[in-house]
Structures are given as structure tokens and as C-alpha cells.
$ cat final36.txt   # compact mmCIF, N, CA and C atoms
# COMPACT_ATOMS: atom_id res chain seq x y z
N PHE A 80 68.74 91.43 200.78
CA PHE A 80 70.07 91.71 201.26
C PHE A 80 70.16 91.35 202.73
N LYS A 81 71.02 90.43 203.03
CA LYS A 81 71.18 89.97 204.41
C LYS A 81 72.24 90.80 205.11
N GLN A 82 71.93 91.26 206.29
CA GLN A 82 72.88 92.02 207.10
C GLN A 82 73.98 91.08 207.58
N LYS A 83 75.21 91.46 207.35
CA LYS A 83 76.34 90.63 207.79
C LYS A 83 76.65 90.93 209.25
N THR A 84 76.99 89.86 209.97
CA THR A 84 77.38 90.04 211.36
C THR A 84 78.84 90.46 211.42
N ALA A 85 79.23 90.98 212.56
CA ALA A 85 80.62 91.39 212.76
C ALA A 85 81.53 90.18 212.57
N TYR A 86 81.10 89.01 213.00
CA TYR A 86 81.89 87.79 212.84
C TYR A 86 82.10 87.48 211.35
N GLU A 87 81.04 87.55 210.54
CA GLU A 87 81.16 87.27 209.12
C GLU A 87 82.11 88.26 208.44
N ILE A 88 82.02 89.52 208.81
CA ILE A 88 82.89 90.54 208.23
C ILE A 88 84.33 90.26 208.63
N THR A 89 84.55 89.93 209.87
CA THR A 89 85.90 89.62 210.35
C THR A 89 86.46 88.41 209.61
N ARG A 90 85.65 87.39 209.43
CA ARG A 90 86.10 86.18 208.72
C ARG A 90 86.43 86.52 207.27
N TRP A 91 85.61 87.35 206.64
CA TRP A 91 85.86 87.74 205.25
C TRP A 91 87.17 88.51 205.13
N LEU A 92 87.39 89.45 206.03
CA LEU A 92 88.63 90.22 206.00
C LEU A 92 89.84 89.31 206.25
N GLU A 93 89.68 88.36 207.14
CA GLU A 93 90.75 87.40 207.40
C GLU A 93 91.04 86.57 206.15
N PHE A 94 90.00 86.14 205.45
CA PHE A 94 90.16 85.38 204.21
C PHE A 94 90.97 86.19 203.20
N ARG A 95 90.62 87.45 203.03
CA ARG A 95 91.34 88.31 202.07
C ARG A 95 92.81 88.46 202.46
N ARG A 96 93.06 88.65 203.75
CA ARG A 96 94.43 88.81 204.22
C ARG A 96 95.24 87.55 203.96
N VAL A 97 94.68 86.41 204.32
CA VAL A 97 95.38 85.14 204.13
C VAL A 97 95.60 84.88 202.65
N LEU A 98 94.60 85.17 201.85
CA LEU A 98 94.69 84.89 200.42
C LEU A 98 95.89 85.56 199.78
N PHE A 99 96.13 86.78 200.12
CA PHE A 99 97.19 87.52 199.44
C PHE A 99 98.49 87.62 200.22
N ARG A 100 98.48 87.30 201.46
CA ARG A 100 99.73 87.27 202.23
C ARG A 100 100.18 85.84 202.44
N SER A 101 99.63 84.95 201.72
CA SER A 101 99.93 83.54 201.86
C SER A 101 100.52 83.00 200.58
N GLU A 102 100.45 81.72 200.44
CA GLU A 102 101.02 81.04 199.30
C GLU A 102 100.05 80.91 198.13
N VAL A 103 98.82 81.37 198.26
CA VAL A 103 97.83 81.13 197.21
C VAL A 103 98.29 81.65 195.86
N MET A 104 98.58 82.93 195.77
CA MET A 104 98.94 83.49 194.48
C MET A 104 100.28 82.95 193.98
N LYS A 105 101.20 82.70 194.89
CA LYS A 105 102.47 82.10 194.48
C LYS A 105 102.25 80.72 193.87
N ARG A 106 101.41 79.94 194.52
CA ARG A 106 101.14 78.58 194.01
C ARG A 106 100.42 78.63 192.67
N ILE A 107 99.50 79.55 192.53
CA ILE A 107 98.79 79.67 191.25
C ILE A 107 99.77 80.02 190.14
N LYS A 108 100.64 80.96 190.41
CA LYS A 108 101.62 81.36 189.38
C LYS A 108 102.57 80.23 189.03
N GLU A 109 102.88 79.38 190.00
CA GLU A 109 103.72 78.21 189.71
C GLU A 109 102.99 77.23 188.79
N ILE A 110 101.70 77.07 189.00
CA ILE A 110 100.91 76.15 188.19
C ILE A 110 100.69 76.71 186.79
N ASP A 111 100.44 78.01 186.70
CA ASP A 111 100.17 78.66 185.41
C ASP A 111 101.49 79.06 184.75
N ARG A 112 102.24 78.07 184.35
CA ARG A 112 103.57 78.32 183.77
C ARG A 112 103.50 79.03 182.42
N GLU A 113 102.39 78.87 181.73
CA GLU A 113 102.22 79.54 180.43
C GLU A 113 101.73 80.98 180.60
N HIS A 114 101.40 81.33 181.83
CA HIS A 114 100.92 82.68 182.16
C HIS A 114 99.71 83.09 181.31
N ASN A 115 98.78 82.13 181.14
CA ASN A 115 97.58 82.43 180.37
C ASN A 115 96.43 82.90 181.25
N GLY A 116 96.64 82.93 182.57
CA GLY A 116 95.62 83.44 183.48
C GLY A 116 94.61 82.42 183.94
N TYR A 117 94.85 81.13 183.65
CA TYR A 117 93.89 80.09 184.01
C TYR A 117 94.55 78.95 184.77
N VAL A 118 93.81 78.40 185.73
CA VAL A 118 94.15 77.15 186.39
C VAL A 118 92.88 76.32 186.41
N THR A 119 93.00 75.03 186.66
CA THR A 119 91.79 74.20 186.69
C THR A 119 91.06 74.40 188.01
N THR A 120 89.81 74.05 187.99
CA THR A 120 88.99 74.13 189.20
C THR A 120 89.62 73.29 190.30
N THR A 121 90.07 72.11 189.95
CA THR A 121 90.68 71.20 190.93
C THR A 121 91.95 71.81 191.51
N GLU A 122 92.78 72.39 190.67
CA GLU A 122 94.02 73.00 191.15
C GLU A 122 93.74 74.13 192.14
N LEU A 123 92.82 75.01 191.79
CA LEU A 123 92.51 76.13 192.67
C LEU A 123 91.86 75.65 193.96
N THR A 124 90.97 74.68 193.86
CA THR A 124 90.34 74.11 195.05
C THR A 124 91.38 73.50 195.96
N ASP A 125 92.30 72.73 195.40
CA ASP A 125 93.36 72.11 196.20
C ASP A 125 94.22 73.15 196.90
N ILE A 126 94.57 74.21 196.18
CA ILE A 126 95.38 75.28 196.77
C ILE A 126 94.64 75.93 197.93
N LEU A 127 93.37 76.25 197.72
CA LEU A 127 92.59 76.90 198.79
C LEU A 127 92.43 75.98 199.99
N HIS A 128 92.26 74.69 199.76
CA HIS A 128 92.13 73.74 200.87
C HIS A 128 93.43 73.61 201.65
N ILE A 129 94.56 73.69 200.97
CA ILE A 129 95.85 73.59 201.65
C ILE A 129 96.13 74.86 202.47
N VAL A 130 95.94 76.00 201.84
CA VAL A 130 96.29 77.26 202.49
C VAL A 130 95.25 77.67 203.53
N LEU A 131 94.00 77.36 203.27
CA LEU A 131 92.91 77.70 204.19
C LEU A 131 92.21 76.42 204.63
N PRO A 132 92.79 75.68 205.57
CA PRO A 132 92.22 74.39 205.98
C PRO A 132 90.76 74.46 206.42
N ILE A 133 90.30 75.63 206.85
CA ILE A 133 88.90 75.76 207.25
C ILE A 133 87.96 75.47 206.08
N LEU A 134 88.46 75.61 204.86
CA LEU A 134 87.64 75.35 203.66
C LEU A 134 87.65 73.89 203.23
N LYS A 135 88.45 73.05 203.90
CA LYS A 135 88.58 71.65 203.48
C LYS A 135 87.25 70.91 203.42
N THR A 136 86.37 71.25 204.31
CA THR A 136 85.08 70.56 204.35
C THR A 136 84.04 71.20 203.43
N LYS A 137 84.45 72.24 202.74
CA LYS A 137 83.52 72.98 201.87
C LYS A 137 83.69 72.57 200.41
N ASN A 138 82.59 72.47 199.72
CA ASN A 138 82.60 72.25 198.27
C ASN A 138 82.64 73.64 197.63
N LEU A 139 83.71 73.93 196.92
CA LEU A 139 83.91 75.26 196.36
C LEU A 139 83.45 75.40 194.92
N THR A 140 82.83 74.38 194.40
CA THR A 140 82.41 74.38 192.99
C THR A 140 81.54 75.57 192.66
N GLN A 141 80.53 75.83 193.48
CA GLN A 141 79.62 76.94 193.20
C GLN A 141 80.28 78.30 193.38
N VAL A 142 81.24 78.38 194.29
CA VAL A 142 81.96 79.62 194.52
C VAL A 142 82.84 79.95 193.30
N LEU A 143 83.43 78.93 192.71
CA LEU A 143 84.35 79.14 191.59
C LEU A 143 83.65 79.20 190.24
N LYS A 144 82.42 78.73 190.18
CA LYS A 144 81.67 78.66 188.92
C LYS A 144 81.63 79.99 188.14
N PRO A 145 81.41 81.13 188.79
CA PRO A 145 81.35 82.39 188.04
C PRO A 145 82.68 82.76 187.37
N TYR A 146 83.75 82.12 187.77
CA TYR A 146 85.08 82.44 187.22
C TYR A 146 85.52 81.44 186.16
N ALA A 147 84.65 80.52 185.82
CA ALA A 147 84.99 79.52 184.81
C ALA A 147 85.07 80.16 183.42
N SER A 148 85.98 79.61 182.63
CA SER A 148 86.13 80.07 181.25
C SER A 148 84.87 79.75 180.46
N ILE A 149 84.50 80.61 179.55
CA ILE A 149 83.33 80.37 178.71
C ILE A 149 83.58 79.18 177.79
N ALA A 150 84.80 79.07 177.29
CA ALA A 150 85.14 78.01 176.34
C ALA A 150 85.39 76.66 177.02
N ASN A 151 85.87 76.69 178.26
CA ASN A 151 86.22 75.45 178.96
C ASN A 151 85.88 75.62 180.44
N LYS A 152 84.79 75.03 180.87
CA LYS A 152 84.28 75.22 182.24
C LYS A 152 85.21 74.67 183.32
N VAL A 153 86.21 73.89 182.95
CA VAL A 153 87.16 73.34 183.91
C VAL A 153 88.21 74.38 184.29
N LEU A 154 88.42 75.35 183.42
CA LEU A 154 89.43 76.38 183.67
C LEU A 154 88.85 77.57 184.42
N ILE A 155 89.60 78.04 185.39
CA ILE A 155 89.20 79.18 186.21
C ILE A 155 90.10 80.36 185.88
N ASP A 156 89.48 81.50 185.63
CA ASP A 156 90.20 82.74 185.40
C ASP A 156 90.59 83.29 186.78
N TYR A 157 91.80 82.95 187.21
CA TYR A 157 92.17 83.31 188.58
C TYR A 157 92.38 84.81 188.75
N LYS A 158 92.65 85.53 187.69
CA LYS A 158 92.81 86.98 187.83
C LYS A 158 91.46 87.64 188.17
N ARG A 159 90.38 87.18 187.53
CA ARG A 159 89.04 87.69 187.87
C ARG A 159 88.70 87.31 189.30
N PHE A 160 89.01 86.08 189.69
CA PHE A 160 88.77 85.61 191.05
C PHE A 160 89.50 86.51 192.04
N LYS A 161 90.78 86.74 191.80
CA LYS A 161 91.59 87.59 192.67
C LYS A 161 91.03 89.01 192.74
N ASN A 162 90.67 89.57 191.60
CA ASN A 162 90.14 90.94 191.57
C ASN A 162 88.85 91.06 192.38
N ASP A 163 87.98 90.08 192.30
CA ASP A 163 86.74 90.13 193.09
C ASP A 163 87.02 90.00 194.58
N ILE A 164 88.01 89.21 194.94
CA ILE A 164 88.37 89.09 196.35
C ILE A 164 88.90 90.44 196.86
N VAL A 165 89.72 91.07 196.07
CA VAL A 165 90.28 92.37 196.46
C VAL A 165 89.18 93.40 196.63
N LYS A 166 88.19 93.39 195.70
CA LYS A 166 87.08 94.35 195.78
C LYS A 166 86.13 94.02 196.91
N GLY A 167 86.20 92.81 197.43
CA GLY A 167 85.31 92.42 198.53
C GLY A 167 83.98 91.90 198.05
N LEU A 168 83.92 91.49 196.77
CA LEU A 168 82.67 91.01 196.18
C LEU A 168 81.62 91.99 196.49

$ encode --input "final36.txt" --output "C-alpha cells"
Amino acid sequence: FKQKTAYEITRWLEFRRVLFRSEVMKRIKEIDREHNGYVTTTELTDILHIVLPILKTKNLTQVLKPYASIANKVLIDYKRFKNDIVKGL
């Protein structure tokens, strides 16, 4: 278990604030018109890169992998993703 620095904690809290007070969830809901709870990895990555430009240089594949659908690895269960962000992982 690695001790988090005050900077890392601050950045994490800022990420959570931006995620839910920004366009992320609105954009996801626009994409998920069938309201099935899934968006593609590419769609979610694009949204995060637009809303959080600091992530543009980051490959988010491994971050999103735990939220992939069991039946289709391209689909991300964004509700699980959102819930983990809210809980603070």
C-alpha cells in the first residue's frame, strides 16, 4: 500500500469534482440513447479526454478494463465506473 501525497489526494478530489460537475455524465447519457448502461471504450475515452484535457496524453485502456462488459469487452458499464469514482476507489 503506497502512501498518497497531499498532491495526489487533491488531484483525485479534483477529478471527482470535475467528473460530476462537468459534461461527462451528460455526454454519456446522450450517447447511451437506449439507456442500457453501456458506452464503448472509445466513446468514454474521448469524453474523458475532452472534459479532462490533462488525460489526453494518457492511455486509459487499463483504467477502463475493469468496467468492461463480460460479454463484449468493447462496452464499458459506465454506472459501475461512476459508482467507483464516487466511492473514491

$ atom_distance --input "final36.txt" --atom1 "atom C of Leu154 in chain A" --atom2 "atom C of Glu93 in chain A"
23.6 Å

$ atom_distance --input "final36.txt" --atom1 "CA of Leu139 in chain A" --atom2 "CA of Arg159 in chain A"
15.9 Å

$ residues_around --input "final36.txt" --residues "Lys166 in chain A" --least-positions-apart "5" --cutoff "12 Å" --atoms "only C-alpha atoms" --output "short mmCIF file (atom, residue, chain, number, x, y, z; two decimals) with N, CA and C atoms, keeping the file's coordinate frame"
data_model
loop_
_atom_site.label_atom_id
_atom_site.label_comp_id
_atom_site.auth_asym_id
_atom_site.auth_seq_id
_atom_site.Cartn_x
_atom_site.Cartn_y
_atom_site.Cartn_z
N TRP A 91 85.61 87.35 206.64
CA TRP A 91 85.86 87.74 205.25
C TRP A 91 87.17 88.51 205.13
N LEU A 92 87.39 89.45 206.03
CA LEU A 92 88.63 90.22 206.00
C LEU A 92 89.84 89.31 206.25
N ARG A 95 90.62 87.45 203.03
CA ARG A 95 91.34 88.31 202.07
C ARG A 95 92.81 88.46 202.46
N ARG A 159 90.38 87.18 187.53
CA ARG A 159 89.04 87.69 187.87
C ARG A 159 88.70 87.31 189.30
N PHE A 160 89.01 86.08 189.69
CA PHE A 160 88.77 85.61 191.05
C PHE A 160 89.50 86.51 192.04
N LYS A 161 90.78 86.74 191.80
CA LYS A 161 91.59 87.59 192.67
C LYS A 161 91.03 89.01 192.74
#

$ select_by_dssp --input "final36.txt" --residues "chain A" --states "strand (DSSP E)" --output "PyMOL selection string"
chain A and resi 117-119+154-156

$ residues_around --input "final36.txt" --residues "Ile155 in chain A" --least-positions-apart "2" --cutoff "10 Å" --atoms "only C-alpha atoms" --output "mmCIF file with N, CA and C atoms, keeping the file's coordinate frame"
data_model
loop_
_atom_site.group_PDB
_atom_site.id
_atom_site.type_symbol
_atom_site.label_atom_id
_atom_site.label_comp_id
_atom_site.auth_asym_id
_atom_site.auth_seq_id
_atom_site.Cartn_x
_atom_site.Cartn_y
_atom_site.Cartn_z
ATOM 1 N N GLY A 116 96.640 82.930 182.570
ATOM 2 C CA GLY A 116 95.620 83.440 183.480
ATOM 3 C C GLY A 116 94.610 82.420 183.940
ATOM 4 N N TYR A 117 94.850 81.130 183.650
ATOM 5 C CA TYR A 117 93.890 80.090 184.010
ATOM 6 C C TYR A 117 94.550 78.950 184.770
ATOM 7 N N VAL A 118 93.810 78.400 185.730
ATOM 8 C CA VAL A 118 94.150 77.150 186.390
ATOM 9 C C VAL A 118 92.880 76.320 186.410
ATOM 10 N N THR A 119 93.000 75.030 186.660
ATOM 11 C CA THR A 119 91.790 74.200 186.690
ATOM 12 C C THR A 119 91.060 74.400 188.010
ATOM 13 N N THR A 120 89.810 74.050 187.990
ATOM 14 C CA THR A 120 88.990 74.130 189.200
ATOM 15 C C THR A 120 89.620 73.290 190.300
ATOM 16 N N THR A 121 90.070 72.110 189.950
ATOM 17 C CA THR A 121 90.680 71.200 190.930
ATOM 18 C C THR A 121 91.950 71.810 191.510
ATOM 19 N N GLU A 122 92.780 72.390 190.670
ATOM 20 C CA GLU A 122 94.020 73.000 191.150
ATOM 21 C C GLU A 122 93.740 74.130 192.140
ATOM 22 N N LEU A 123 92.820 75.010 191.790
ATOM 23 C CA LEU A 123 92.510 76.130 192.670
ATOM 24 C C LEU A 123 91.860 75.650 193.960
ATOM 25 N N LEU A 143 83.430 78.930 192.710
ATOM 26 C CA LEU A 143 84.350 79.140 191.590
ATOM 27 C C LEU A 143 83.650 79.200 190.240
ATOM 28 N N LYS A 144 82.420 78.730 190.180
ATOM 29 C CA LYS A 144 81.670 78.660 188.920
ATOM 30 C C LYS A 144 81.630 79.990 188.140
ATOM 31 N N PRO A 145 81.410 81.130 188.790
ATOM 32 C CA PRO A 145 81.350 82.390 188.040
ATOM 33 C C PRO A 145 82.680 82.760 187.370
ATOM 34 N N TYR A 146 83.750 82.120 187.770
ATOM 35 C CA TYR A 146 85.080 82.440 187.220
ATOM 36 C C TYR A 146 85.520 81.440 186.160
ATOM 37 N N ALA A 147 84.650 80.520 185.820
ATOM 38 C CA ALA A 147 84.990 79.520 184.810
ATOM 39 C C ALA A 147 85.070 80.160 183.420
ATOM 40 N N SER A 148 85.980 79.610 182.630
ATOM 41 C CA SER A 148 86.130 80.070 181.250
ATOM 42 C C SER A 148 84.870 79.750 180.460
ATOM 43 N N ILE A 149 84.500 80.610 179.550
ATOM 44 C CA ILE A 149 83.330 80.370 178.710
ATOM 45 C C ILE A 149 83.580 79.180 177.790
ATOM 46 N N ASN A 151 85.870 76.690 178.260
ATOM 47 C CA ASN A 151 86.220 75.450 178.960
ATOM 48 C C ASN A 151 85.880 75.620 180.440
ATOM 49 N N LYS A 152 84.790 75.030 180.870
ATOM 50 C CA LYS A 152 84.280 75.220 182.240
ATOM 51 C C LYS A 152 85.210 74.670 183.320
ATOM 52 N N VAL A 153 86.210 73.890 182.950
ATOM 53 C CA VAL A 153 87.160 73.340 183.910
ATOM 54 C C VAL A 153 88.210 74.380 184.290
ATOM 55 N N TYR A 157 91.800 82.950 187.210
ATOM 56 C CA TYR A 157 92.170 83.310 188.580
ATOM 57 C C TYR A 157 92.380 84.810 188.750
ATOM 58 N N LYS A 158 92.650 85.530 187.690
ATOM 59 C CA LYS A 158 92.810 86.980 187.830
ATOM 60 C C LYS A 158 91.460 87.640 188.170
ATOM 61 N N ARG A 159 90.380 87.180 187.530
ATOM 62 C CA ARG A 159 89.040 87.690 187.870
ATOM 63 C C ARG A 159 88.700 87.310 189.300
ATOM 64 N N PHE A 160 89.010 86.080 189.690
ATOM 65 C CA PHE A 160 88.770 85.610 191.050
ATOM 66 C C PHE A 160 89.500 86.510 192.040
#

$ atom_distance --input "final36.txt" --atom1 "CA of Glu109 in chain A" --atom2 "CA of Thr124 in chain A"
15.0 Å

$ select_by_dssp --input "final36.txt" --residues "chain A" --states "alpha helix (DSSP H)" --output "PyMOL selection string"
chain A and resi 85-100+103-110+120-130+140-143+157-166

$ residues_around --input "final36.txt" --residues "range 133-135 of chain A" --least-positions-apart "4" --cutoff "12 Å" --atoms "only C-alpha atoms" --output "ChimeraX atom specification"
/A:90,93-94,97,124-129,139-140,142

$ build_atoms --input "final36.txt" --residues "range 152-163 of chain A" --atoms "all heavy atoms" --output "PDB file, keeping the file's coordinate frame"
ATOM      1  N   LYS A 152      84.790  75.030 180.870  1.00  0.00           N
ATOM      2  CA  LYS A 152      84.280  75.220 182.240  1.00  0.00           C
ATOM      3  C   LYS A 152      85.210  74.670 183.320  1.00  0.00           C
ATOM      4  O   LYS A 152      85.020  74.943 184.490  1.00  0.00           O
ATOM      5  CB  LYS A 152      82.888  74.585 182.373  1.00  0.00           C
ATOM      6  CG  LYS A 152      81.846  75.200 181.470  1.00  0.00           C
ATOM      7  CD  LYS A 152      81.620  76.640 181.810  1.00  0.00           C
ATOM      8  CE  LYS A 152      80.543  77.236 180.919  1.00  0.00           C
ATOM      9  NZ  LYS A 152      80.456  78.663 181.037  1.00  0.00           N
ATOM     10  N   VAL A 153      86.210  73.890 182.950  1.00  0.00           N
ATOM     11  CA  VAL A 153      87.160  73.340 183.910  1.00  0.00           C
ATOM     12  C   VAL A 153      88.210  74.380 184.290  1.00  0.00           C
ATOM     13  O   VAL A 153      88.776  74.334 185.373  1.00  0.00           O
ATOM     14  CB  VAL A 153      87.854  72.076 183.323  1.00  0.00           C
ATOM     15  CG1 VAL A 153      88.963  71.573 184.212  1.00  0.00           C
ATOM     16  CG2 VAL A 153      86.823  70.984 183.086  1.00  0.00           C
ATOM     17  N   LEU A 154      88.420  75.350 183.420  1.00  0.00           N
ATOM     18  CA  LEU A 154      89.430  76.380 183.670  1.00  0.00           C
ATOM     19  C   LEU A 154      88.850  77.570 184.420  1.00  0.00           C
ATOM     20  O   LEU A 154      87.763  78.049 184.107  1.00  0.00           O
ATOM     21  CB  LEU A 154      90.038  76.853 182.342  1.00  0.00           C
ATOM     22  CG  LEU A 154      90.816  75.805 181.560  1.00  0.00           C
ATOM     23  CD1 LEU A 154      91.302  76.399 180.242  1.00  0.00           C
ATOM     24  CD2 LEU A 154      91.976  75.261 182.368  1.00  0.00           C
ATOM     25  N   ILE A 155      89.600  78.040 185.390  1.00  0.00           N
ATOM     26  CA  ILE A 155      89.200  79.180 186.210  1.00  0.00           C
ATOM     27  C   ILE A 155      90.100  80.360 185.880  1.00  0.00           C
ATOM     28  O   ILE A 155      91.324  80.250 185.891  1.00  0.00           O
ATOM     29  CB  ILE A 155      89.324  78.848 187.716  1.00  0.00           C
ATOM     30  CG1 ILE A 155      88.414  77.681 188.092  1.00  0.00           C
ATOM     31  CG2 ILE A 155      89.059  80.065 188.580  1.00  0.00           C
ATOM     32  CD1 ILE A 155      86.941  77.967 187.931  1.00  0.00           C
ATOM     33  N   ASP A 156      89.480  81.500 185.630  1.00  0.00           N
ATOM     34  CA  ASP A 156      90.200  82.740 185.400  1.00  0.00           C
ATOM     35  C   ASP A 156      90.590  83.290 186.780  1.00  0.00           C
ATOM     36  O   ASP A 156      89.814  83.970 187.437  1.00  0.00           O
ATOM     37  CB  ASP A 156      89.303  83.724 184.651  1.00  0.00           C
ATOM     38  CG  ASP A 156      89.972  85.048 184.347  1.00  0.00           C
ATOM     39  OD1 ASP A 156      91.001  85.365 184.979  1.00  0.00           O
ATOM     40  OD2 ASP A 156      89.447  85.762 183.480  1.00  0.00           O
ATOM     41  N   TYR A 157      91.800  82.950 187.210  1.00  0.00           N
ATOM     42  CA  TYR A 157      92.170  83.310 188.580  1.00  0.00           C
ATOM     43  C   TYR A 157      92.380  84.810 188.750  1.00  0.00           C
ATOM     44  O   TYR A 157      92.271  85.321 189.855  1.00  0.00           O
ATOM     45  CB  TYR A 157      93.380  82.507 189.058  1.00  0.00           C
ATOM     46  CG  TYR A 157      94.702  82.845 188.411  1.00  0.00           C
ATOM     47  CD1 TYR A 157      95.439  83.948 188.817  1.00  0.00           C
ATOM     48  CD2 TYR A 157      95.219  82.046 187.414  1.00  0.00           C
ATOM     49  CE1 TYR A 157      96.644  84.251 188.230  1.00  0.00           C
ATOM     50  CE2 TYR A 157      96.442  82.334 186.824  1.00  0.00           C
ATOM     51  CZ  TYR A 157      97.147  83.438 187.239  1.00  0.00           C
ATOM     52  OH  TYR A 157      98.353  83.727 186.660  1.00  0.00           O
ATOM     53  N   LYS A 158      92.650  85.530 187.690  1.00  0.00           N
ATOM     54  CA  LYS A 158      92.810  86.980 187.830  1.00  0.00           C
ATOM     55  C   LYS A 158      91.460  87.640 188.170  1.00  0.00           C
ATOM     56  O   LYS A 158      91.402  88.537 189.003  1.00  0.00           O
ATOM     57  CB  LYS A 158      93.413  87.574 186.567  1.00  0.00           C
ATOM     58  CG  LYS A 158      94.868  87.169 186.396  1.00  0.00           C
ATOM     59  CD  LYS A 158      95.456  87.688 185.123  1.00  0.00           C
ATOM     60  CE  LYS A 158      96.882  87.159 184.954  1.00  0.00           C
ATOM     61  NZ  LYS A 158      97.474  87.566 183.700  1.00  0.00           N
ATOM     62  N   ARG A 159      90.380  87.180 187.530  1.00  0.00           N
ATOM     63  CA  ARG A 159      89.040  87.690 187.870  1.00  0.00           C
ATOM     64  C   ARG A 159      88.700  87.310 189.300  1.00  0.00           C
ATOM     65  O   ARG A 159      88.125  88.122 190.050  1.00  0.00           O
ATOM     66  CB  ARG A 159      87.992  87.120 186.912  1.00  0.00           C
ATOM     67  CG  ARG A 159      87.872  87.909 185.649  1.00  0.00           C
ATOM     68  CD  ARG A 159      86.718  87.501 184.750  1.00  0.00           C
ATOM     69  NE  ARG A 159      85.561  87.007 185.437  1.00  0.00           N
ATOM     70  CZ  ARG A 159      84.888  85.895 185.092  1.00  0.00           C
ATOM     71  NH1 ARG A 159      85.281  85.170 184.071  1.00  0.00           N
ATOM     72  NH2 ARG A 159      83.832  85.514 185.751  1.00  0.00           N
ATOM     73  N   PHE A 160      89.010  86.080 189.690  1.00  0.00           N
ATOM     74  CA  PHE A 160      88.770  85.610 191.050  1.00  0.00           C
ATOM     75  C   PHE A 160      89.500  86.510 192.040  1.00  0.00           C
ATOM     76  O   PHE A 160      88.916  87.013 192.996  1.00  0.00           O
ATOM     77  CB  PHE A 160      89.231  84.148 191.182  1.00  0.00           C
ATOM     78  CG  PHE A 160      89.139  83.591 192.566  1.00  0.00           C
ATOM     79  CD1 PHE A 160      87.912  83.240 193.102  1.00  0.00           C
ATOM     80  CD2 PHE A 160      90.270  83.391 193.332  1.00  0.00           C
ATOM     81  CE1 PHE A 160      87.820  82.712 194.378  1.00  0.00           C
ATOM     82  CE2 PHE A 160      90.200  82.861 194.596  1.00  0.00           C
ATOM     83  CZ  PHE A 160      88.972  82.520 195.126  1.00  0.00           C
ATOM     84  N   LYS A 161      90.780  86.740 191.800  1.00  0.00           N
ATOM     85  CA  LYS A 161      91.590  87.590 192.670  1.00  0.00           C
ATOM     86  C   LYS A 161      91.030  89.010 192.740  1.00  0.00           C
ATOM     87  O   LYS A 161      90.911  89.584 193.820  1.00  0.00           O
ATOM     88  CB  LYS A 161      93.032  87.623 192.179  1.00  0.00           C
ATOM     89  CG  LYS A 161      93.941  88.501 193.027  1.00  0.00           C
ATOM     90  CD  LYS A 161      95.313  88.625 192.424  1.00  0.00           C
ATOM     91  CE  LYS A 161      95.258  89.682 191.344  1.00  0.00           C
ATOM     92  NZ  LYS A 161      96.556  90.144 190.876  1.00  0.00           N
ATOM     93  N   ASN A 162      90.670  89.570 191.600  1.00  0.00           N
ATOM     94  CA  ASN A 162      90.140  90.940 191.570  1.00  0.00           C
ATOM     95  C   ASN A 162      88.850  91.060 192.380  1.00  0.00           C
ATOM     96  O   ASN A 162      88.654  92.064 193.077  1.00  0.00           O
ATOM     97  CB  ASN A 162      89.912  91.403 190.138  1.00  0.00           C
ATOM     98  CG  ASN A 162      91.214  91.631 189.398  1.00  0.00           C
ATOM     99  OD1 ASN A 162      92.265  91.821 190.005  1.00  0.00           O
ATOM    100  ND2 ASN A 162      91.155  91.608 188.083  1.00  0.00           N
ATOM    101  N   ASP A 163      87.980  90.080 192.300  1.00  0.00           N
ATOM    102  CA  ASP A 163      86.740  90.130 193.090  1.00  0.00           C
ATOM    103  C   ASP A 163      87.020  90.000 194.580  1.00  0.00           C
ATOM    104  O   ASP A 163      86.354  90.665 195.382  1.00  0.00           O
ATOM    105  CB  ASP A 163      85.772  89.027 192.644  1.00  0.00           C
ATOM    106  CG  ASP A 163      84.958  89.426 191.426  1.00  0.00           C
ATOM    107  OD1 ASP A 163      85.124  90.567 190.939  1.00  0.00           O
ATOM    108  OD2 ASP A 163      84.158  88.607 190.959  1.00  0.00           O
TER     109      ASP A 163
END
